[in-house]
Each structure stands twice: as C-alpha cells, then as structure tokens.
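Q: First the structure, which I've put down as structure tokens, then a few questions once you've had a look.
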Amino acid sequence: MQLIDGKAVAARMRSEIAEEVAAMVAAGGRAPHLAAVLVGHDGGSETYVAGKVKACGEAGFRSTLIRYEDSVTEEELLACVDRLNGDDDVDGFIVQLPLPKHISEMKILEAVDFRKDVDGFHPVNVGRLLLGMPCFLPATPAGIAELLGRYEIETAGRHCVVLGRSNIVGKPVSVLMLRKAWPGDCTVTVCHSRTPDIRKITLQADIIIAALGAPRFLRGDMVKEGAVVIDVGTTRVPSTETRSGFKLVGDVMFDEVAPKCSHITPVPGGVGPMTIASLLKNTLLAGKKEIYG
C-alpha cells in the first residue's frame, strides 16, 4: 500500500507555479491577482480562505480578500461581483461558499465572468468541461486528477466508481475520469443516496473516489484487493484524542480499507491541499490568458 501524499504534491505545485510567476515578473509582466469574497464567519470558510491567501503569497501572487457580514444583501454581493468582473487588475476571483440562505448561490455563480471563474463553477466552464473544451477545471476534481497523474496511476480502461453526485466534486470528477485523456479513459459509475447495494458496485471498482460527505462510509468489505481509493470527505467528529475535542475524518474507514489498497489518500493531507494548489494553477492560467484570451 502506497500513501498518496497530497501535502507534498501541493507543495511541489506551488513551487513550480512560483518559479513561473517569477519568470513572468522578470520578463516585465505582472504577478497574477486572485481575489476572494468571504461572507460571514463560517469556521471552515475562514480557514480555507486564509489558506488561499497564504498560498498566494508563497506562489508570488497578489491577493485581495473582500469581507461582508452575513447581513449583506444579494444586491450588494452582486454589485461586488460586477466590480470584480470589470477590474482589469484582477485575473480571477472566487465567492466562498456556502452563502447565507437569503442569497441565491446559483445567481451569484452565474454573475461571475466565466473568464475569471477560477473555481470552475460557472455554467460556461462546466459545459466546456463536459464537451472536452479548454476551461477552468473545478479545483478539487482537478486536484484529484493531478494526484493520479503524478503518482502515475493507470486509469485507461479501469472501472472508476464515484461515490457522490455534487456539483462541486462528484459530477465534475466523473467527467474528468471519463474524458479521452490521462488521467481518464475510465468506465465510470456514479453512486449516490438512491443507489441500491453500493457494496456490490464498489467491489468491482479499480478506482474509488469517495465524495459523499458521510464519515467512514466506505468499509473494508466494500473494496477489492489492489484498488486505488481517493478520499475527498472531511467531517469533524468528536474525539478524546485531541486537544480541540474533535478530529477530521474522511468518507473512508482508513484502517480497514488501506491494507487492501495499492494507493490511498489520507485525511487530512490527501485531497485537501490539492484544492488550493489547483486554484492557484487556474489563476496562473487566467493571468497568462491561456484559456480565454
């Protein structure tokens, strides 16, 4: 069993991006500029955005953080998006989810200029992904593909089972694994809450991508010998072993599943760090105008 070290791969990606940014600046260009819009004080969002700001600094990017309280109106947030769309100094930006219930997430995402949509959530980018056209890839699925590629895991002709059908991970990663490319060329099955006898399906899988948000869902008796398991889940559960009183666990019962795997990602330290690294990669592409001129 080989552990897939997302933390190490993400660090290498940041270093590679930093070298490219330094060369751009040395040649008379400017560093890419990523902006983030954060509404409220959700603990997970605060941590994630702080990680993005730190990663921007390490990569030599410029970064801007725009904060609003939970009471911000939808109109005010749309006006902010419109300003960022029109700011030629900003190459890409994200509106951190989740948003307060009185704000339509889809309306906000649709308002973002798809040419600055470095999260890869805009319908134009999603549609181009489905058609195999150049686009900004959603960060977490792109990070998963990057891990498979860097660990030289064969995917062509393999049966990939995706657990979960969210717009952020499940659906787009199923498209990436299906595409005519490497990593890709898989036969893909998507399982979800309405799928009967999931165990029967996962036992056929060469690659399992668990993105249900259900802690420790995938057990040892659901995985065949030699499978590759990518755990996307991150759920806080109570723990007497940590000072904080909780710990992060994934969608995989690691101690049961890992001994049967050829490769597996841990939680934390697997897919998580790759999400921010992939966001930086999209922002670099935006700054270089490589996707949309």
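Residues in the structure tokens are numbered from 1 in each chain, the chains being A, B, ... in the order shown, and ligands are numbered from 1 in the order shown.
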Any idea what's packed within 10 Å of A:Ala286, counting only C-alpha atoms, ignoring anything in its chain fewer than 4 positions away? Could you give it as a list in words?

A: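 Contacts, in chain order: Pro32, His33, Leu34, Val90, Asp91, Gly92, Arg115, Lys116, Asp117, Val118, Phe136, Leu280, Lys281, Asn282, Glu290, Ile291, Tyr292 and Gly293 of chain A.
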
Q: Could you give me, as a short mmCIF file (atom, residue, chain, number, x, y, z; two decimals) with C-alpha atoms, in the first residue's frame, the residues within 12 Å of A:Ala142, counting only C-alpha atoms and dropping anything in the same chain fewer than 6 positions from it?

A:
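The resulting file, result-v6.cif, is reproduced below:
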data_model
loop_
_atom_site.label_atom_id
_atom_site.label_comp_id
_atom_site.auth_asym_id
_atom_site.auth_seq_id
_atom_site.Cartn_x
_atom_site.Cartn_y
_atom_site.Cartn_z
CA ALA A 10 0.68 20.53 -3.48
CA VAL A 118 -11.07 30.21 -11.32
CA ASP A 119 -13.30 27.98 -9.14
CA GLY A 120 -14.64 26.41 -12.34
CA LEU A 129 -15.66 20.59 -19.34
CA CYS A 135 -11.83 25.59 -19.41
CA PHE A 136 -11.11 26.28 -15.78
CA LEU A 148 -3.41 10.30 -10.11
CA GLY A 149 -1.12 11.70 -12.78
CA ILE A 168 -18.55 20.61 -6.77
CA VAL A 169 -16.92 17.16 -6.80
CA GLY A 170 -19.00 14.12 -7.78
CA PRO A 172 -17.24 17.01 -12.48
CA VAL A 173 -14.78 14.33 -11.32
CA SER A 174 -16.88 11.68 -13.08
CA VAL A 175 -16.50 13.71 -16.30
CA LEU A 176 -12.73 14.05 -15.81
CA MET A 177 -12.34 10.31 -15.30
CA PRO A 183 -5.82 10.54 -16.20
CA GLY A 184 -9.12 9.45 -17.72
CA VAL A 271 -7.00 15.73 -1.49
CA GLY A 272 -7.48 18.85 0.67
CA PRO A 273 -4.14 20.58 -0.04
CA MET A 274 -4.58 19.90 -3.77
CA THR A 275 -7.72 22.03 -3.96
CA ILE A 276 -5.85 25.25 -3.18
CA ALA A 277 -2.93 24.26 -5.43
CA SER A 278 -5.37 23.72 -8.32
CA LEU A 279 -6.97 27.10 -7.65
CA LEU A 280 -3.53 28.71 -7.97
CA LYS A 281 -2.97 26.85 -11.23
CA ASN A 282 -6.27 28.19 -12.62
#

Q: With distances taken over only C-alpha atoms, which residue among A:Met1, A:Arg150, A:Gly60, A:Lys54 lies nearest A:Glu20?

A: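 Going through A:Met1, A:Arg150, A:Gly60, A:Lys54 one by one, the smallest distance to A:Glu20 is for A:Gly60.
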
Q: Which distance in Å separates atom CA of A:Asn167 and atom CA of A:Val37, to one decimal?

A: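 Separation of atom CA of A:Asn167 and atom CA of A:Val37: 20.0 Å.
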
Q: Could you go through stretch 31-268 of chain A and tell me which residues DSSP, when run on the backbone, assigns to helix (DSSP H, G or I), listing them as a PyMOL selection string?

A: chain A and resi 43-59+74-86+105-111+114-116+123-131+139-150+170-178+198-202+220-222+254-260

Q: Would you mind reading off the distance between atom CA of A:Ala59 and atom CA of A:Val21, one decimal, in Å?

A: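 That distance, rounded to one decimal, is 7.3 Å.
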
Q: My list of candidates is A:Phe114, A:Tyr151, A:Tyr48, A:Phe61. Which is closest to A:Leu284 when distances are computed with only C-alpha atoms?

A: A:Phe61

Q: Calculated over only C-alpha atoms, which of the candidates A:Ala181, A:Ala26, A:Ile230, A:Val249 has the smallest distance to A:Gly270?

A: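 So, comparing all the options, the nearest one is A:Ile230.
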
Q: Could you please write out, as a PyMOL selection string, every residue of stretch 129-235 of chain A that DSSP assigns to strand (DSSP E or B)?

A: chain A and resi 159-163+187-191+207-210+218+227-231+235

Q: List as a tab-separated table (two decimals) with N, CA and C atoms, in the first residue's frame the protein and nucleic acid residues near A:Asp221, meaning an atom at most 9 Å away when only C-alpha atoms are counted, but skip any in the same chain fewer than 3 places from it.

A:
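The resulting file, around_20.tsv, is reproduced below:
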chain	number	residue	atom	x	y	z
A	199	ARG	N	-22.31	-1.61	-2.13
A	199	ARG	CA	-21.17	-2.51	-1.89
A	199	ARG	C	-20.91	-3.40	-3.10
A	203	LEU	N	-17.18	-3.12	-5.00
A	203	LEU	CA	-16.31	-4.31	-5.05
A	203	LEU	C	-15.80	-4.58	-6.47
A	218	LEU	N	-17.14	4.15	3.55
A	218	LEU	CA	-16.53	3.05	2.78
A	218	LEU	C	-15.75	2.16	3.72
A	224	LYS	N	-12.09	-4.11	-3.17
A	224	LYS	CA	-11.34	-5.29	-3.59
A	224	LYS	C	-9.84	-5.06	-3.43
A	256	GLU	N	-9.45	0.03	7.97
A	256	GLU	CA	-9.96	-1.18	7.33
A	256	GLU	C	-9.61	-1.24	5.84
A	257	VAL	N	-9.68	-0.09	5.19
A	257	VAL	CA	-9.56	-0.05	3.72
A	257	VAL	C	-8.10	-0.04	3.26

Q: As a list of chain:residue names, please: the residues near A:Gln2 (cut-off 7 Å, only C-alpha atoms, same-chain neighbours under 6 positions excluded).

A: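 Final neighbour list, sorted by chain and number: A:Ser262, A:His263, A:Ile264.
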
Q: Pick out the closest residue to A:Gly226 from this set: A:Thr73, A:Ser239, A:Ser63, A:Gln204. Count only C-alpha atoms.

A: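 Using only C-alpha atoms, the shortest distance to A:Gly226 belongs to A:Gln204.
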
Q: A:Gln96: which residues within 9 Å, counting only C-alpha atoms, same-chain residues fewer than 2 positions away excluded, as a PDB file with N, CA and C atoms, in the first residue's frame?

A:
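Writing the result to part18.pdb gives the following:
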ATOM      1  N   ALA A  36     -10.733  37.058  -3.310  1.00  0.00           N
ATOM      2  CA  ALA A  36     -11.688  36.161  -2.663  1.00  0.00           C
ATOM      3  C   ALA A  36     -12.728  36.991  -1.923  1.00  0.00           C
ATOM      4  N   VAL A  37     -13.982  36.604  -2.059  1.00  0.00           N
ATOM      5  CA  VAL A  37     -15.078  37.279  -1.370  1.00  0.00           C
ATOM      6  C   VAL A  37     -15.592  36.330  -0.290  1.00  0.00           C
ATOM      7  N   LEU A  38     -15.555  36.779   0.951  1.00  0.00           N
ATOM      8  CA  LEU A  38     -15.961  35.948   2.083  1.00  0.00           C
ATOM      9  C   LEU A  38     -17.128  36.606   2.800  1.00  0.00           C
ATOM     10  N   VAL A  39     -18.235  35.881   2.907  1.00  0.00           N
ATOM     11  CA  VAL A  39     -19.428  36.384   3.579  1.00  0.00           C
ATOM     12  C   VAL A  39     -19.594  35.659   4.916  1.00  0.00           C
ATOM     13  N   SER A  45     -14.926  28.089   6.194  1.00  0.00           N
ATOM     14  CA  SER A  45     -14.635  29.060   5.141  1.00  0.00           C
ATOM     15  C   SER A  45     -13.481  29.975   5.538  1.00  0.00           C
ATOM     16  N   TYR A  48     -10.278  28.016   5.121  1.00  0.00           N
ATOM     17  CA  TYR A  48      -9.982  27.761   3.717  1.00  0.00           C
ATOM     18  C   TYR A  48      -9.479  29.018   3.025  1.00  0.00           C
ATOM     19  N   VAL A  49     -10.148  30.153   3.269  1.00  0.00           N
ATOM     20  CA  VAL A  49      -9.745  31.405   2.626  1.00  0.00           C
ATOM     21  C   VAL A  49      -8.379  31.852   3.154  1.00  0.00           C
ATOM     22  N   ILE A  94     -12.983  34.300  -6.526  1.00  0.00           N
ATOM     23  CA  ILE A  94     -13.919  33.298  -6.029  1.00  0.00           C
ATOM     24  C   ILE A  94     -14.871  33.951  -5.035  1.00  0.00           C
ATOM     25  N   PRO A  98     -20.272  28.106   1.737  1.00  0.00           N
ATOM     26  CA  PRO A  98     -21.679  28.458   1.479  1.00  0.00           C
ATOM     27  C   PRO A  98     -21.953  29.932   1.734  1.00  0.00           C
ATOM     28  N   LEU A  99     -23.071  30.384   1.153  1.00  0.00           N
ATOM     29  CA  LEU A  99     -23.556  31.739   1.371  1.00  0.00           C
ATOM     30  C   LEU A  99     -24.784  31.692   2.284  1.00  0.00           C
TER      31      LEU A  99
END

Q: Restricting the calculation to only C-alpha atoms, which member of A:Val161, A:Ile209, A:Cys80, A:Glu58 is positioned closest to A:Ala22?

A: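 Using only C-alpha atoms, the shortest distance to A:Ala22 belongs to A:Glu58.
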